[in-house]
Amino acid sequence: MSGPLTGVKVLELAGIGPGPFCGMLLADMGAEVVRIDRAQNVRGGDPGKPPSDPLLRGQRILVVDEVWDSGTTIHAVTERIRQAGGIPTTVVLHYKPSNSVVPGAPDVHAVTTDAWVVYPFKAGG
């Protein structure tokens, strides 16, 4: 989107005062807004049905996950962001193309593998 703020980059810290509303307005005026959300705001519930957020309009959203296995969760989240008018970018550590059941692939991934991946921070409690 072009406007008087084209070329201006804004870092929005979601949930702090009027930040989300201001981020949406700045994006409407052409600024490139990158939103950082708190982890507790995106956990819980059904990951396939994240809460609606009309303030995502025009904002670039970075969606990060450990692994793209079937891809269904990250695909559902990115579609929700697109429906709200946001611009998602997906980043994963491990991309498993043979297991993926959704169209496309992550925008950025570190490793392509079909092996079972065990993360040390999730193993053995």
# chains A, B, ... in the order shown; residues from 1 in each chain; ligands from 1
>>> residues_around(residues="Val101 in chain A", least_positions_apart="3", cutoff="8 Å", atoms="only C-alpha atoms", output="list in words")
Ser70, Gly71 and Thr72 of chain A
>>> write_last_selection(atoms="N, CA and C atoms", output="PDB file, in the first residue's frame")
ATOM      1  N   SER A  70       2.679 -31.810   8.705  1.00  0.00           N
ATOM      2  CA  SER A  70       1.551 -31.823   7.777  1.00  0.00           C
ATOM      3  C   SER A  70       1.307 -30.423   7.220  1.00  0.00           C
ATOM      4  N   GLY A  71       1.707 -29.416   7.987  1.00  0.00           N
ATOM      5  CA  GLY A  71       1.532 -28.033   7.557  1.00  0.00           C
ATOM      6  C   GLY A  71       0.168 -27.450   7.878  1.00  0.00           C
ATOM      7  N   THR A  72      -0.731 -28.258   8.450  1.00  0.00           N
ATOM      8  CA  THR A  72      -2.111 -27.789   8.643  1.00  0.00           C
ATOM      9  C   THR A  72      -2.223 -26.640   9.638  1.00  0.00           C
TER      10      THR A  72
END
>>> residues_around(residues="Gly30 in chain A", least_positions_apart="4", cutoff="12 Å", atoms="only C-alpha atoms", output="ChimeraX atom specification")
/A:1-10,23-26,57-59
>>> write_last_selection(atoms="C-alpha atoms", output="compact mmCIF listing (two decimals), in the first residue's frame")
# COMPACT_ATOMS: atom_id res chain seq x y z
CA MET A 1 0.00 0.00 0.00
CA SER A 2 1.38 3.43 -0.85
CA GLY A 3 0.83 6.60 1.11
CA PRO A 4 2.62 9.40 2.92
CA LEU A 5 4.50 6.91 5.13
CA THR A 6 5.77 4.69 2.30
CA GLY A 7 9.33 3.66 3.14
CA VAL A 8 8.87 4.09 6.90
CA LYS A 9 9.33 0.95 9.02
CA VAL A 10 7.45 0.59 12.30
CA GLY A 23 -0.02 0.05 13.80
CA MET A 24 -3.09 -0.53 11.65
CA LEU A 25 -3.44 3.21 10.93
CA LEU A 26 0.25 3.59 10.10
CA ARG A 57 -4.77 -5.21 8.34
CA GLY A 58 -1.73 -4.15 6.32
CA GLN A 59 0.79 -5.55 8.81
>>> closest_residue(among="A:Ile74, A:Val34, A:Leu55, A:Ile87", to="Pro18 in chain A", atoms="only C-alpha atoms")
A:Leu55
>>> residues_around(residues="Asp107 in chain A", least_positions_apart="4", cutoff="12 Å", atoms="only C-alpha atoms", output="list in words")
Leu62, Val63, Val64, Asp65, Trp68, Ile74, His75, Thr78, Pro88, Thr89, Thr90, Val91, Val92, Leu93, His94 and Tyr95 of chain A
>>> write_last_selection(atoms="N, CA and C atoms", output="PDB file, in the first residue's frame")
ATOM      1  N   LEU A  62       5.168 -12.331  11.246  1.00  0.00           N
ATOM      2  CA  LEU A  62       6.109 -13.434  11.175  1.00  0.00           C
ATOM      3  C   LEU A  62       5.550 -14.602  11.983  1.00  0.00           C
ATOM      4  N   VAL A  63       5.306 -15.718  11.303  1.00  0.00           N
ATOM      5  CA  VAL A  63       4.772 -16.926  11.933  1.00  0.00           C
ATOM      6  C   VAL A  63       5.930 -17.918  12.039  1.00  0.00           C
ATOM      7  N   VAL A  64       6.299 -18.280  13.274  1.00  0.00           N
ATOM      8  CA  VAL A  64       7.463 -19.132  13.512  1.00  0.00           C
ATOM      9  C   VAL A  64       7.018 -20.426  14.185  1.00  0.00           C
ATOM     10  N   ASP A  65       7.567 -21.552  13.723  1.00  0.00           N
ATOM     11  CA  ASP A  65       7.281 -22.852  14.336  1.00  0.00           C
ATOM     12  C   ASP A  65       8.523 -23.720  14.217  1.00  0.00           C
ATOM     13  N   TRP A  68       7.379 -27.958  10.088  1.00  0.00           N
ATOM     14  CA  TRP A  68       6.243 -28.004   9.158  1.00  0.00           C
ATOM     15  C   TRP A  68       6.133 -29.472   8.806  1.00  0.00           C
ATOM     16  N   ILE A  74       0.146 -24.317  10.670  1.00  0.00           N
ATOM     17  CA  ILE A  74       0.731 -23.070  10.193  1.00  0.00           C
ATOM     18  C   ILE A  74      -0.053 -22.527   8.986  1.00  0.00           C
ATOM     19  N   HIS A  75      -0.599 -23.427   8.172  1.00  0.00           N
ATOM     20  CA  HIS A  75      -1.428 -23.001   7.033  1.00  0.00           C
ATOM     21  C   HIS A  75      -2.707 -22.318   7.528  1.00  0.00           C
ATOM     22  N   THR A  78      -1.765 -18.832   8.861  1.00  0.00           N
ATOM     23  CA  THR A  78      -1.455 -17.866   7.803  1.00  0.00           C
ATOM     24  C   THR A  78      -2.704 -17.478   7.015  1.00  0.00           C
ATOM     25  N   PRO A  88       1.413 -12.575   6.013  1.00  0.00           N
ATOM     26  CA  PRO A  88       2.215 -13.526   6.784  1.00  0.00           C
ATOM     27  C   PRO A  88       3.490 -13.966   6.067  1.00  0.00           C
ATOM     28  N   THR A  89       4.528 -14.213   6.854  1.00  0.00           N
ATOM     29  CA  THR A  89       5.753 -14.855   6.393  1.00  0.00           C
ATOM     30  C   THR A  89       5.986 -16.021   7.337  1.00  0.00           C
ATOM     31  N   THR A  90       6.223 -17.219   6.783  1.00  0.00           N
ATOM     32  CA  THR A  90       6.395 -18.410   7.623  1.00  0.00           C
ATOM     33  C   THR A  90       7.861 -18.816   7.691  1.00  0.00           C
ATOM     34  N   VAL A  91       8.295 -19.162   8.905  1.00  0.00           N
ATOM     35  CA  VAL A  91       9.665 -19.600   9.144  1.00  0.00           C
ATOM     36  C   VAL A  91       9.610 -20.835  10.035  1.00  0.00           C
ATOM     37  N   VAL A  92      10.275 -21.908   9.609  1.00  0.00           N
ATOM     38  CA  VAL A  92      10.345 -23.124  10.417  1.00  0.00           C
ATOM     39  C   VAL A  92      11.776 -23.656  10.426  1.00  0.00           C
ATOM     40  N   LEU A  93      12.107 -24.411  11.473  1.00  0.00           N
ATOM     41  CA  LEU A  93      13.412 -25.052  11.518  1.00  0.00           C
ATOM     42  C   LEU A  93      13.464 -26.215  10.537  1.00  0.00           C
ATOM     43  N   HIS A  94      12.468 -27.119  10.632  1.00  0.00           N
ATOM     44  CA  HIS A  94      12.459 -28.333   9.818  1.00  0.00           C
ATOM     45  C   HIS A  94      11.221 -28.385   8.930  1.00  0.00           C
ATOM     46  N   TYR A  95      11.445 -28.584   7.648  1.00  0.00           N
ATOM     47  CA  TYR A  95      10.366 -28.720   6.664  1.00  0.00           C
ATOM     48  C   TYR A  95      10.354 -30.161   6.179  1.00  0.00           C
TER      49      TYR A  95
END
>>> closest_residue(among="A:Val111, A:Cys22, A:Ala76, A:Ile61", to="Pro97 in chain A", atoms="only C-alpha atoms")
A:Val111
>>> residues_around(residues="Asp53 in chain A", least_positions_apart="5", cutoff="10 Å", atoms="only C-alpha atoms", output="number ranges by chain")
A: 20, 80-81, 83-86
